[in-house]
Amino acid sequence: MTLQDKLDAFKADFKGGKAPYFAPPDIHPVMERATAELIASGQAGRALKAGDRAPEFTLADPDGKAVSSADLLARGPLVISFYRGVWCPYCNLELQALQESLPRFRELGANLLAISPQTAPNSRKSQRQNKLDFPILSDVRNEVAAAFGLRFSLPDYLIELYKRLKNDLPAFNDDPAWTLPMPARYVIGQDGVIAYAEVNPDYTRRPEPESLLPVLQHLLAAK
């Protein structure tokens with residue numbers, strides 16, 4: 001089963017209220033409205049894309065260790081997944097799929113990391129519950145996401161829904177701002193140029209990890 005098949009199956013169960021998902025049915029139109037408005041805003045088209053130079057960054061891993069994109073790129077290409085947080089089931093399914101592809105990424109000389117705005121304890125929870133062998137970095141206030149053009153503010157009606165669902169982003173992220181990154185996947189070459197970019201304002205859709213392999217093979221051959 002592909003990653004998107006798993007995401008679609010989860011979405012169907014969630015919308016259908018199948019156990020263990022008992023979300024009130026009236027929440028779905030609200031979420032769909034927010035997604036449609038984000039798509040219509042055109043922000044995804046303004047995010048960094050293939051051919052752009054990636055901004056350098058240094059972020060902390062769950063143990064407080066500084067991780068530098070420049071240091072990682074000195075060793076090989078860099079695969080980055082921007083995701084919303086441990087509270088997002090779609091993100092967790094994506095992280096698990098990336099973990100499955102991690103050995104192949106490493107065979108092609110690439111490093112993999114994930115970036116979210118959540119606090120270190122929540123990043124540790126992400127790593128633990130998804131059994132990840134790659135680092136999750138805390139992007140405080142979504143500043144790196146903003147540099148990539150991914151940060152957006154939640155509309156007021158969606159904030160109210162999140163509060164109703166006890167999805168307290170200020171607590172998850174230790175940040176009073178209600179912002180998130182659009183889910184995105186990047187491959188950055190050792191020259192600092194983005195070789196692959198996939199940004200989708202619909203958080204229920206994610207690219208297959210295998211789609212990165214031809215890009216990494218090309219970078220390895222060029223090297």
# chains A, B, ... in the order shown; residues from 1 in each chain; ligands from 1

$ closest_atom_pairs --of "segment 156-184 of chain A" --to "segment 89-98 of chain A" --cutoff "12 Å" --atoms "only C-alpha atoms" --output "Markdown table"
| residue | atom | partner | partner_atom | distance |
| --- | --- | --- | --- | --- |
| A:Pro181 | CA | A:Cys91 | CA | 11.7 |
| A:Met182 | CA | A:Cys91 | CA | 11.1 |
| A:Pro183 | CA | A:Cys91 | CA | 8.2 |
| A:Ala184 | CA | A:Cys91 | CA | 10.6 |

$ write_last_selection --atoms "N, CA and C atoms" --output "compact mmCIF listing (two decimals), in the first residue's frame"
# COMPACT_ATOMS: atom_id res chain seq x y z
N PRO A 181 3.44 25.16 9.34
CA PRO A 181 4.02 25.08 7.99
C PRO A 181 3.10 24.27 7.08
N MET A 182 3.02 24.65 5.84
CA MET A 182 2.41 23.75 4.87
C MET A 182 3.31 22.52 4.76
N PRO A 183 2.74 21.32 4.73
CA PRO A 183 3.59 20.14 4.56
C PRO A 183 4.40 20.26 3.27
N ALA A 184 5.68 19.93 3.37
CA ALA A 184 6.55 20.09 2.21
C ALA A 184 7.69 19.08 2.29

$ residues_around --residues "Leu108 of chain A" --least-positions-apart "2" --cutoff "12 Å" --atoms "only C-alpha atoms" --output "PyMOL selection string"
chain A and resi 75-79+101-106+110-112+212-221+223

$ select_by_dssp --residues "segment 108-137 of chain A" --states "strand (DSSP E or B)" --output "list in words"
Asn111, Leu112, Leu113, Ala114, Ile115, Ser116, Ile136 and Leu137 of chain A

$ select_by_dssp --residues "segment 3-70 of chain A" --states "helix (DSSP H, G or I)" --output "NGL selection string"
:A and (3-16 or 27-41 or 43-46 or 69-70)

$ write_last_selection --atoms "C-alpha atoms" --output "tab-separated table (two decimals), in the first residue's frame"
chain	number	residue	atom	x	y	z
A	3	LEU	CA	1.67	6.27	1.45
A	4	GLN	CA	-1.20	8.09	-0.26
A	5	ASP	CA	-3.34	4.94	-0.07
A	6	LYS	CA	-2.76	4.88	3.69
A	7	LEU	CA	-3.57	8.58	3.99
A	8	ASP	CA	-6.75	8.15	1.96
A	9	ALA	CA	-7.81	5.17	4.09
A	10	PHE	CA	-7.25	7.13	7.28
A	11	LYS	CA	-9.19	10.09	5.90
A	12	ALA	CA	-12.13	7.85	4.97
A	13	ASP	CA	-12.19	6.28	8.44
A	14	PHE	CA	-11.90	9.67	10.11
A	15	LYS	CA	-14.72	11.19	8.08
A	16	GLY	CA	-16.81	8.05	8.51
A	27	ILE	CA	-15.77	19.58	12.01
A	28	HIS	CA	-15.07	18.26	8.52
A	29	PRO	CA	-16.58	21.16	6.55
A	30	VAL	CA	-14.59	23.59	8.69
A	31	MET	CA	-11.30	21.81	7.98
A	32	GLU	CA	-12.14	21.50	4.30
A	33	ARG	CA	-12.96	25.22	4.13
A	34	ALA	CA	-9.59	26.12	5.66
A	35	THR	CA	-7.75	23.86	3.21
A	36	ALA	CA	-9.65	25.28	0.23
A	37	GLU	CA	-8.86	28.84	1.31
A	38	LEU	CA	-5.16	28.04	1.73
A	39	ILE	CA	-5.09	26.47	-1.73
A	40	ALA	CA	-6.88	29.50	-3.20
A	41	SER	CA	-4.39	31.88	-1.56
A	43	GLN	CA	0.89	30.55	-1.15
A	44	ALA	CA	2.16	27.11	-2.18
A	45	GLY	CA	3.15	28.54	-5.55
A	46	ARG	CA	5.19	31.24	-3.83
A	69	SER	CA	22.18	22.31	7.28
A	70	ALA	CA	25.61	23.39	6.03

$ closest_residue --among "A:Trp178, A:Phe82, A:Phe134, A:Phe172" --to "Ser153 of chain A" --atoms "only C-alpha atoms"
A:Trp178

$ residues_around --residues "Ile194 of chain A" --least-positions-apart "2" --cutoff "10 Å" --atoms "only C-alpha atoms" --output "number ranges by chain"
A: 48-55, 77-79, 186-192, 196-197

$ atom_distance --atom1 "atom CA of Gly109 of chain A" --atom2 "atom CA of Lys131 of chain A"
21.6 Å

$ atom_distance --atom1 "atom CA of Gly17 of chain A" --atom2 "atom CA of Gln129 of chain A"
23.3 Å

$ atom_distance --atom1 "atom CA of Ala171 of chain A" --atom2 "atom CA of Thr119 of chain A"
8.7 Å

$ closest_residue --among "A:Thr2, A:Asn167, A:Asn173, A:Ser211" --to "Pro117 of chain A" --atoms "only C-alpha atoms"
A:Asn173
